[in-house]
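Pasting target16.txt here (compact mmCIF, C-alpha atoms and all ligand atoms):
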# COMPACT_ATOMS: atom_id res chain seq x y z
CA MET A 22 106.57 137.07 68.90
CA ALA A 23 109.81 137.59 70.82
CA ILE A 24 109.31 134.18 72.46
CA ALA A 25 108.23 132.49 69.23
CA TRP A 26 111.29 133.79 67.37
CA GLN A 27 113.59 131.60 69.48
CA HIS A 28 111.59 128.52 68.45
CA LEU A 29 111.45 129.18 64.72
CA THR A 30 113.59 127.31 62.24
CA GLU A 31 116.19 129.33 60.40
CA HIS A 32 114.13 128.80 57.26
CA SER A 33 111.02 130.32 58.89
CA GLN A 34 113.02 133.26 60.23
CA GLN A 35 114.32 133.99 56.74
CA ALA A 36 110.87 133.68 55.18
CA ILE A 37 109.48 136.14 57.74
CA GLN A 38 112.30 138.58 57.06
CA GLN A 39 111.59 138.36 53.33
CA LEU A 40 107.91 139.09 53.86
CA ILE A 41 108.75 142.06 56.08
CA ASP A 42 111.02 143.39 53.34
CA LEU A 43 108.09 143.19 50.89
CA ASP A 44 105.80 145.15 53.23
CA THR A 45 104.82 148.46 51.66
CA ASP A 46 103.18 149.77 54.85
CA ASN A 47 106.04 151.48 56.64
CA THR A 48 104.18 153.86 58.85
CA LEU A 49 102.56 151.92 61.68
CA THR A 50 105.43 149.86 63.08
CA ALA A 51 109.13 149.41 62.59
CA LYS A 52 110.06 146.75 60.04
CA ASN A 53 111.18 143.92 62.29
CA PRO A 54 109.53 140.70 63.52
CA ILE A 55 109.00 141.92 67.10
CA ALA A 56 107.56 145.32 66.18
CA ILE A 57 105.05 143.99 63.64
CA ALA A 58 103.31 142.02 66.42
CA THR A 59 101.54 145.26 67.43
CA TRP A 60 100.58 146.20 63.87
CA ALA A 61 97.00 144.85 64.02
CA ASP A 62 96.14 147.00 67.05
CA ARG A 63 97.68 150.09 65.45
CA TYR A 64 95.94 149.44 62.16
CA ARG A 65 92.62 149.12 64.02
CA SER A 66 92.95 152.64 65.44
CA GLN A 67 93.44 154.25 62.00
CA LYS A 68 90.52 156.42 60.88
CA GLN A 69 90.48 155.59 57.20
CA VAL A 70 92.73 153.50 54.97
CA SER A 71 92.07 153.38 51.23
CA GLY A 72 88.33 153.81 51.58
CA VAL A 73 87.77 151.42 54.48
CA ASN A 74 87.39 152.08 58.17
CA PRO A 75 89.88 149.70 59.80
CA TYR A 76 88.07 149.71 63.13
CA GLN A 77 84.72 148.73 61.60
CA GLN A 78 86.39 146.21 59.36
CA THR A 79 88.66 144.40 61.85
CA HIS A 80 87.90 145.09 65.51
CA LEU A 81 85.74 141.99 66.02
CA TRP A 82 88.57 139.81 64.71
CA HIS A 83 90.62 140.42 67.88
CA PHE A 84 88.49 138.26 70.18
CA VAL A 85 85.79 135.64 70.51
CA ASP A 86 82.99 136.59 72.90
CA LEU A 87 82.29 133.22 74.48
CA ASP A 88 79.63 133.81 77.11
CA ILE A 89 80.89 132.78 80.54
CA ASP A 90 77.68 130.90 81.40
CA HIS A 91 76.63 129.66 77.95
CA PRO A 92 79.65 129.48 75.66
CA ASN A 93 78.70 128.87 72.04
CA LEU A 94 81.52 129.05 69.52
CA ASN A 95 79.31 129.16 66.42
CA GLU A 96 77.32 132.05 67.81
CA ALA A 97 80.44 133.88 69.00
CA CYS A 98 81.91 133.42 65.51
CA TYR A 99 78.81 134.73 63.71
CA GLN A 100 78.18 131.23 62.29
CA HIS A 101 81.63 131.24 60.64
CA PRO A 102 80.95 133.40 57.57
CA THR A 103 82.66 132.36 54.38
CA SER A 104 84.18 134.61 51.77
CA SER A 105 85.74 134.02 48.40
CA GLY A 106 88.34 136.79 48.49
CA PHE A 107 91.39 137.42 50.63
CA ALA A 108 90.93 136.97 54.38
CA SER A 109 92.15 140.53 55.04
CA ALA A 110 89.09 141.81 53.15
CA GLY A 111 86.76 139.25 54.71
CA PRO A 112 83.51 139.97 56.51
CA SER A 113 83.86 142.29 59.50
CA HIS A 114 81.64 140.02 61.59
CA ASP A 115 84.00 137.19 62.31
CA CYS A 116 85.96 135.95 65.34
CA ILE A 117 89.61 135.52 66.21
CA VAL A 118 89.43 131.72 65.85
CA ASP A 119 88.27 131.88 62.24
CA LYS A 120 90.76 134.61 61.43
CA ILE A 121 93.74 132.69 62.84
CA GLU A 122 92.72 129.72 60.75
CA ALA A 123 92.21 131.80 57.60
CA PHE A 124 95.43 133.82 57.91
CA SER A 125 97.44 130.72 58.71
CA ARG A 126 96.10 129.05 55.57
CA GLU A 127 96.92 132.10 53.47
CA LEU A 128 100.42 132.37 54.85
CA LYS A 129 101.03 128.78 53.82
CA LEU A 130 99.56 129.32 50.34
CA TYR A 131 101.07 132.67 49.47
CA HIS A 132 104.34 133.18 51.33
CA ALA A 133 106.39 132.03 48.36
CA SER A 134 104.06 133.37 45.67
CA GLN A 135 105.43 135.42 42.79
CA ARG A 136 102.16 137.29 42.35
CA ARG A 137 102.23 140.74 43.88
CA ASP A 138 98.67 140.68 45.28
CA GLU A 139 99.30 137.31 46.92
CA GLN A 140 102.62 138.46 48.32
CA GLN A 141 100.97 141.49 49.91
CA GLU A 142 98.22 139.28 51.34
CA ALA A 143 100.89 137.00 52.84
CA VAL A 144 102.43 140.05 54.52
CA LEU A 145 99.05 140.99 56.01
CA ALA A 146 98.35 137.38 56.99
CA LEU A 147 101.68 137.24 58.84
CA LYS A 148 101.01 140.45 60.73
CA PHE A 149 97.45 139.51 61.70
CA LEU A 150 98.41 135.94 62.62
CA ILE A 151 101.26 136.95 64.93
CA HIS A 152 99.00 139.38 66.75
CA PHE A 153 95.91 137.19 66.99
CA VAL A 154 97.68 134.16 68.43
CA GLY A 155 98.82 136.49 71.22
CA ASP A 156 95.34 137.95 71.71
CA LEU A 157 93.73 134.50 71.87
CA HIS A 158 95.94 133.64 74.84
CA GLN A 159 94.71 136.66 76.77
CA PRO A 160 91.75 134.98 78.54
CA LEU A 161 89.54 138.07 78.32
CA HIS A 162 89.82 137.89 74.52
CA ALA A 163 88.16 134.46 74.66
CA SER A 164 85.32 135.21 77.05
CA ASN A 165 82.57 137.66 77.84
CA HIS A 166 80.46 138.33 80.90
CA HIS A 167 78.14 141.02 79.52
CA ASP A 168 80.96 143.46 80.20
CA ASN A 169 82.62 143.85 76.82
CA GLY A 170 85.36 141.33 77.60
CA GLY A 171 86.09 142.94 80.98
CA ASN A 172 86.30 146.45 79.51
CA LYS A 173 83.24 147.60 81.44
CA LEU A 174 84.20 145.94 84.74
CA THR A 175 86.13 148.35 86.94
CA ILE A 176 88.59 147.10 89.53
CA ILE A 177 90.94 148.90 91.88
CA VAL A 178 94.63 148.14 91.67
CA ASP A 179 97.18 150.26 93.51
CA HIS A 180 94.45 152.76 94.47
CA LYS A 181 93.67 153.31 90.78
CA LYS A 182 90.44 152.46 88.99
CA ILE A 183 91.10 150.46 85.83
CA SER A 184 89.13 148.00 83.74
CA LEU A 185 89.61 144.31 84.28
CA HIS A 186 90.54 144.06 80.59
CA HIS A 187 93.26 146.70 80.87
CA PHE A 188 94.63 145.00 83.98
CA TRP A 189 95.07 141.69 82.11
CA ASP A 190 96.01 143.18 78.74
CA THR A 191 98.47 145.81 79.89
CA THR A 192 99.17 146.20 83.63
CA LEU A 193 100.22 142.61 84.22
CA VAL A 194 102.29 142.40 81.03
CA HIS A 195 104.11 145.62 81.91
CA SER A 196 104.82 144.25 85.39
CA LEU A 197 107.14 141.73 83.69
CA GLY A 198 109.31 144.51 82.23
CA SER A 199 109.34 147.04 79.42
CA ASP A 200 111.54 145.32 76.83
CA PRO A 201 109.75 142.44 75.05
CA VAL A 202 113.06 140.87 74.05
CA LEU A 203 114.31 140.75 77.64
CA ILE A 204 110.95 139.44 78.90
CA ALA A 205 111.10 136.74 76.23
CA GLN A 206 114.64 135.74 77.22
CA THR A 207 113.61 135.34 80.85
CA LEU A 208 110.43 133.43 80.06
CA ASN A 209 112.18 131.20 77.55
CA GLN A 210 114.51 129.92 80.26
CA SER A 211 111.62 128.21 82.02
CA ILE A 212 110.28 126.49 78.88
CA THR A 213 111.35 122.85 78.75
CA GLU A 214 111.04 120.38 75.87
CA GLN A 215 108.34 118.53 77.80
CA VAL A 216 106.33 121.71 78.25
CA ILE A 217 106.68 122.53 74.54
CA HIS A 218 105.42 119.07 73.68
CA ASN A 219 102.34 119.52 75.90
CA TRP A 220 101.50 123.01 74.69
CA GLN A 221 101.74 122.11 71.02
CA ARG A 222 99.18 119.37 71.41
CA GLY A 223 95.56 120.02 70.56
CA SER A 224 93.84 122.19 68.01
CA LEU A 225 93.12 125.86 67.72
CA ILE A 226 89.69 125.13 69.22
CA ASP A 227 91.33 123.42 72.21
CA TRP A 228 93.57 126.45 72.74
CA THR A 229 90.46 128.66 72.63
CA ARG A 230 88.69 126.48 75.19
CA GLU A 231 91.70 126.64 77.50
CA SER A 232 91.79 130.40 77.35
CA PHE A 233 88.05 130.53 78.03
CA LYS A 234 88.40 128.14 80.96
CA THR A 235 91.10 130.32 82.51
CA ALA A 236 88.84 133.36 82.15
CA LYS A 237 85.91 131.59 83.73
CA GLU A 238 87.54 129.61 86.51
CA VAL A 239 90.59 131.66 87.41
CA ILE A 240 89.53 135.22 86.63
CA TYR A 241 85.75 135.73 86.79
CA THR A 242 84.60 133.15 89.32
CA PRO A 243 86.91 134.16 92.21
CA LEU A 244 86.65 137.87 91.41
CA LEU A 245 82.85 137.90 91.30
CA MET A 246 82.55 135.64 94.34
CA SER A 247 84.74 137.98 96.37
CA GLY A 248 82.42 140.86 95.41
CA ASP A 249 85.38 143.14 95.96
CA SER A 250 86.76 145.50 93.34
CA GLY A 251 90.07 145.53 95.24
CA TYR A 252 90.53 141.77 94.79
CA TYR A 253 93.98 142.17 93.19
CA ASN A 254 95.30 144.32 96.03
CA ASP A 255 95.80 141.04 97.88
CA PRO A 256 99.41 140.12 96.94
CA SER A 257 98.56 136.43 96.58
CA HIS A 258 95.82 137.20 94.03
CA TYR A 259 98.08 139.63 92.20
CA ASN A 260 100.98 137.18 92.07
CA GLU A 261 98.73 134.40 90.83
CA ALA A 262 97.60 136.70 88.00
CA VAL A 263 101.23 137.48 87.11
CA SER A 264 102.09 133.79 86.92
CA ILE A 265 99.08 133.12 84.67
CA VAL A 266 100.15 135.91 82.33
CA ARG A 267 103.65 134.48 82.17
CA ILE A 268 102.30 131.08 81.17
CA GLU A 269 99.87 132.57 78.63
CA LEU A 270 102.70 134.50 76.97
CA GLU A 271 104.90 131.41 76.88
CA GLU A 272 102.12 129.25 75.45
CA ALA A 273 101.26 131.86 72.83
CA GLY A 274 104.90 132.04 71.75
CA ILE A 275 105.34 128.29 71.49
CA ARG A 276 102.09 127.80 69.57
CA LEU A 277 102.79 130.71 67.25
CA ALA A 278 106.15 129.14 66.44
CA LEU A 279 104.40 125.85 65.70
CA LEU A 280 101.98 127.51 63.26
CA LEU A 281 104.66 129.61 61.57
CA ASN A 282 107.04 126.68 61.15
CA GLU A 283 104.22 124.65 59.57
CA ASP A 284 103.03 127.47 57.30
CA LEU A 285 106.47 128.64 56.13
CA ARG A 286 107.99 125.23 55.55
ZN ZN F 1 94.45 142.95 69.51

Would you mind giving the structure from this file in structure tokens?
Amino acid sequence: MAIAWQHLTEHSQQAIQQLIDLDTDNTLTAKNPIAIATWADRYRSQKQVSGVNPYQQTHLWHFVDLDIDHPNLNEACYQHPTSSGFASAGPSHDCIVDKIEAFSRELKLYHASQRRDEQQEAVLALKFLIHFVGDLHQPLHASNHHDNGGNKLTIIVDHKKISLHHFWDTTLVHSLGSDPVLIAQTLNQSITEQVIHNWQRGSLIDWTRESFKTAKEVIYTPLLMSGDSGYYNDPSHYNEAVSIVRIELEEAGIRLALLLNEDLR
């Protein structure tokens, strides 16, 4: 979100600030556009919220388990279930692709609504959307190799055993720095107009396919072929992973800005 913020129109920035001001949930994150990007993960780890179990209800929404050898989007999205109510209350068995689409649509419909229930749904849609566009660009959130998205595959990095998922989700991101705003400033410097133009092309499905392709061709294939759980101890493999993460974060930011500017127009 820190990257996206720099690419939002003033109008979108104001609309986001207004939605944040309307947010009645003040406990999980600070009330600012950068902090709310982690809300969906924090919400998921809550035990019980007004009669629902947030983990049961939302954890499948954070990824799409496209099988590395036989990717099938319809299957991975549980045949795209429909629901008549708000997307935040939608079926628990759904994938990140459907949820990005649904929350983006709701944000567009409800961000300027005067109805209280629609306003609160727009707040939720904003928080889920910001988070899920980021998750989709983490390749292990768009792929599966019978290992729970890399959660069950252990690798050794710096003499420590960690899961492949944790390495891509956390270790590599932290290697860029600890302050998301500073990371965003650095990454933004390398984003040219031409690059923005290229990244904004294509659909949500194309973005999903790209993330899947990175997982398959750049992460799983070389790692499994090497047969070595210390694959990333080789500095060239590690540095390649860092540069992929940088690009994924940049792409996620640019595409999130595109969606938000369209929805909040
Ligand atoms: Zn997540």

Would you kindly return, as a VMD selection string, each protein, DNA or RNA residue with an atom no farther than 9 Å from any atom of Ala97 of chain A, considering only C-alpha atoms and excluding same-chain residues fewer than 4 positions away? chain A and resid 85 to 88 92 to 93 101 115 to 116

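With all atoms listed in the file as the basis for measurement, A:Ile151 is the residue among A:Leu280, A:Ile268, A:Ile151, A:Ile183 that approaches ligand ZN 1 (chain F) most closely.
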
Mind listing the residues within 6 Å of ligand ZN 1 (chain F), only C-alpha atoms and all ligand atoms counted, as a ChimeraX atom specification? /A:62,83,156

Please produce a file of those selected residues containing C-alpha atoms, as a tab-separated table (two decimals), in the frame of the given file.
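The result, written out as part.tsv:
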chain	number	residue	atom	x	y	z
A	62	ASP	CA	96.14	147.00	67.05
A	83	HIS	CA	90.62	140.42	67.88
A	156	ASP	CA	95.34	137.95	71.71

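Within the 6 Å cut-off around Pro160 of chain A, using only C-alpha atoms and omitting residues fewer than 5 positions from it on the same chain, the listed residues are A:Ser232, A:Phe233, A:Ala236.
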
Residues near segment 261-264 of chain A, cut-off 8 Å, only C-alpha atoms, skip fewer than 5 positions along chain, as a VMD selection string: chain A and resid 193 to 194 196

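The list of residues with at least one atom within 9 Å of Pro102 of chain A, based on all atoms listed in the file and without residues fewer than 4 positions apart in the same chain, reads Cys98, Gly111, Pro112, His114, Asp115 and Asp119 of chain A.
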
Close residues, Val216 of chain A itself excluded, 10 Å, only C-alpha atoms, min 3 positions apart in chain, as a list in words: Ser211, Ile212, Thr213, Asn219, Trp220, Gln221, Glu271, Glu272 and Ile275 of chain A

Those same residues - C-alpha atoms - I'd like them written as a PDB file, in the coordinates of the input.
ATOM      1  CA  SER A 211     111.620 128.210  82.020  1.00  0.00           C
ATOM      2  CA  ILE A 212     110.280 126.490  78.880  1.00  0.00           C
ATOM      3  CA  THR A 213     111.350 122.850  78.750  1.00  0.00           C
ATOM      4  CA  ASN A 219     102.340 119.520  75.900  1.00  0.00           C
ATOM      5  CA  TRP A 220     101.500 123.010  74.690  1.00  0.00           C
ATOM      6  CA  GLN A 221     101.740 122.110  71.020  1.00  0.00           C
ATOM      7  CA  GLU A 271     104.900 131.410  76.880  1.00  0.00           C
ATOM      8  CA  GLU A 272     102.120 129.250  75.450  1.00  0.00           C
ATOM      9  CA  ILE A 275     105.340 128.290  71.490  1.00  0.00           C
TER      10      ILE A 275
END

Straight-line distance linking atom CA of Thr229 of chain A with atom CA of Asn169 of chain A, stated in Å to one decimal: 17.6 Å

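Among the candidates A:His158, A:His80, A:Lys129, A:Arg137, the one nearest to Thr45 of chain A when counting only C-alpha atoms is A:Arg137.
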
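Between atom CA of Ala133 of chain A and atom CA of Trp26 of chain A the separation is 19.7 Å.
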
Given 4 Å on each side, where is the centre and what are the edge lengths in Å to one decimal of the axis-aligned box enclosing the listed atoms of segment 198-205 of chain A, as lines of an AutoDock Vina configuration file?
center_x = 111.8
center_y = 141.9
center_z = 78.1
size_x = 13.0
size_y = 18.3
size_z = 16.2

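Interatomic distance, atom CA of Ser134 of chain A against atom CA of Gly274 of chain A: 26.1 Å.
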
Nearest to Ala123 of chain A: which of A:Val73, A:Asp284, A:Thr191, A:Gly223 is it, counting all atoms listed in the file? A:Asp284
